[in-house]
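What follows is a single structure, written as structure tokens, with notes after it.
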Amino acid sequence: MSSPALFAAMSASALIQNWSIDPNTSLARKIVSNMSLGEKIAMLHGAVGPYVGNVVGNERLGIPPLNLNDGPQGFRSENYPGTSTAFPCVLAVASTWNTNSTYLFGKTLAKEFKAKGANVLLGPGLNVQ
């Protein structure tokens with residue numbers, strides 16, 4: 001095995017070992033092992049709801065629903081007409097190289113989405129080539 005391949009194999013092994021002792025991974029495994037097949041299937045596809053994407057939660061196991069909405073150019077919903085901030089594109093924010101402005105952008109975006117009930121922000125996409 002060449003040196004780069006050996007390094008990759010050792011890195012992957014270390015990563016897998018770290019996953020097995022991570023308390024969040026252990027909790028996730030415990031929750032999934034307590035789910036019925038129907039509960040698992042319900043979480044694998046969307047549901048009808050007011051957001052761009054909706055996934056049912058599981059009250060019995062304390063799993064909140066996923067309320068997904070598009071961004072970051074603004075919260076898109078018929079339930080909140082005329083209330084979305086027109087945020088600059090992420091590439092424009094990144095090109096400032098200003099960490100304070102970038103932090104404020106993210107904080108403000110998250111605040112608006114959270115206030116409107118979304119707990120997953122789809123995007124932002126950034127592809128600089």
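Ligands are numbered from 1 in the order shown, chains are lettered A, B, ... in the order of the structure tokens, and residues start at 1 in each chain.
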
Excluding A:Ala47 and any residue of its chain fewer than 4 positions from it, enumerate the residues within 12 Å of it, using only C-alpha atoms, and give them as a PyMOL selection string. chain A and resi 41-43+51-57+65-68

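Taking stretch 85-122 of chain A and asking which residues DSSP calls helix (DSSP H, G or I) on the backbone, you get Val90, Leu91, Ala92, Val93, Ala94, Thr99, Asn100, Ser101, Thr102, Tyr103, Leu104, Phe105, Gly106, Lys107, Thr108, Leu109, Ala110, Lys111, Glu112, Phe113, Lys114 and Ala115 of chain A.
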
Excluding stretch 77-88 of chain A and its own-chain neighbours fewer than 6 positions away, which residues fall within 9 Å of it when counting only C-alpha atoms? Please give them as a short mmCIF file (atom, residue, chain, number, x, y, z; two decimals) with N, CA, C and O atoms, in the first residue's frame.
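Once written, around_24.cif looks like this:
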data_model
loop_
_atom_site.label_atom_id
_atom_site.label_comp_id
_atom_site.auth_asym_id
_atom_site.auth_seq_id
_atom_site.Cartn_x
_atom_site.Cartn_y
_atom_site.Cartn_z
N PRO A 50 -46.66 24.13 5.12
CA PRO A 50 -46.50 25.50 4.64
C PRO A 50 -45.10 25.88 4.16
O PRO A 50 -44.91 26.97 3.64
N TYR A 51 -44.13 25.01 4.32
CA TYR A 51 -42.76 25.35 3.94
C TYR A 51 -42.41 24.72 2.60
O TYR A 51 -43.12 23.88 2.08
N VAL A 52 -41.27 25.11 2.06
CA VAL A 52 -40.81 24.55 0.79
C VAL A 52 -40.61 23.04 0.94
O VAL A 52 -40.89 22.27 0.04
N ASN A 69 -36.89 25.78 4.29
CA ASN A 69 -37.24 26.88 3.41
C ASN A 69 -36.02 27.36 2.64
O ASN A 69 -34.90 27.23 3.09
N GLY A 71 -33.38 29.85 0.71
CA GLY A 71 -32.62 31.03 1.06
C GLY A 71 -31.37 31.03 0.21
O GLY A 71 -31.17 30.13 -0.58
N PHE A 105 -24.51 38.82 8.45
CA PHE A 105 -25.36 38.28 7.39
C PHE A 105 -26.00 36.97 7.85
O PHE A 105 -27.22 36.79 7.77
N LEU A 109 -29.98 36.42 8.74
CA LEU A 109 -30.69 35.45 7.93
C LEU A 109 -31.33 34.39 8.83
O LEU A 109 -32.52 34.08 8.69
N GLU A 112 -34.42 35.75 10.82
CA GLU A 112 -35.64 35.88 10.03
C GLU A 112 -36.27 34.51 9.77
O GLU A 112 -37.49 34.35 9.91
N LYS A 116 -39.96 32.90 11.39
CA LYS A 116 -41.04 32.44 10.51
C LYS A 116 -41.25 30.93 10.59
O LYS A 116 -41.99 30.36 9.81
#

So the first atom is atom CA of A:Arg29 and the second is atom CA of A:His45; what is the distance between them in Å, to one decimal place?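 Rounded to one decimal, the two atoms are 19.8 Å apart.
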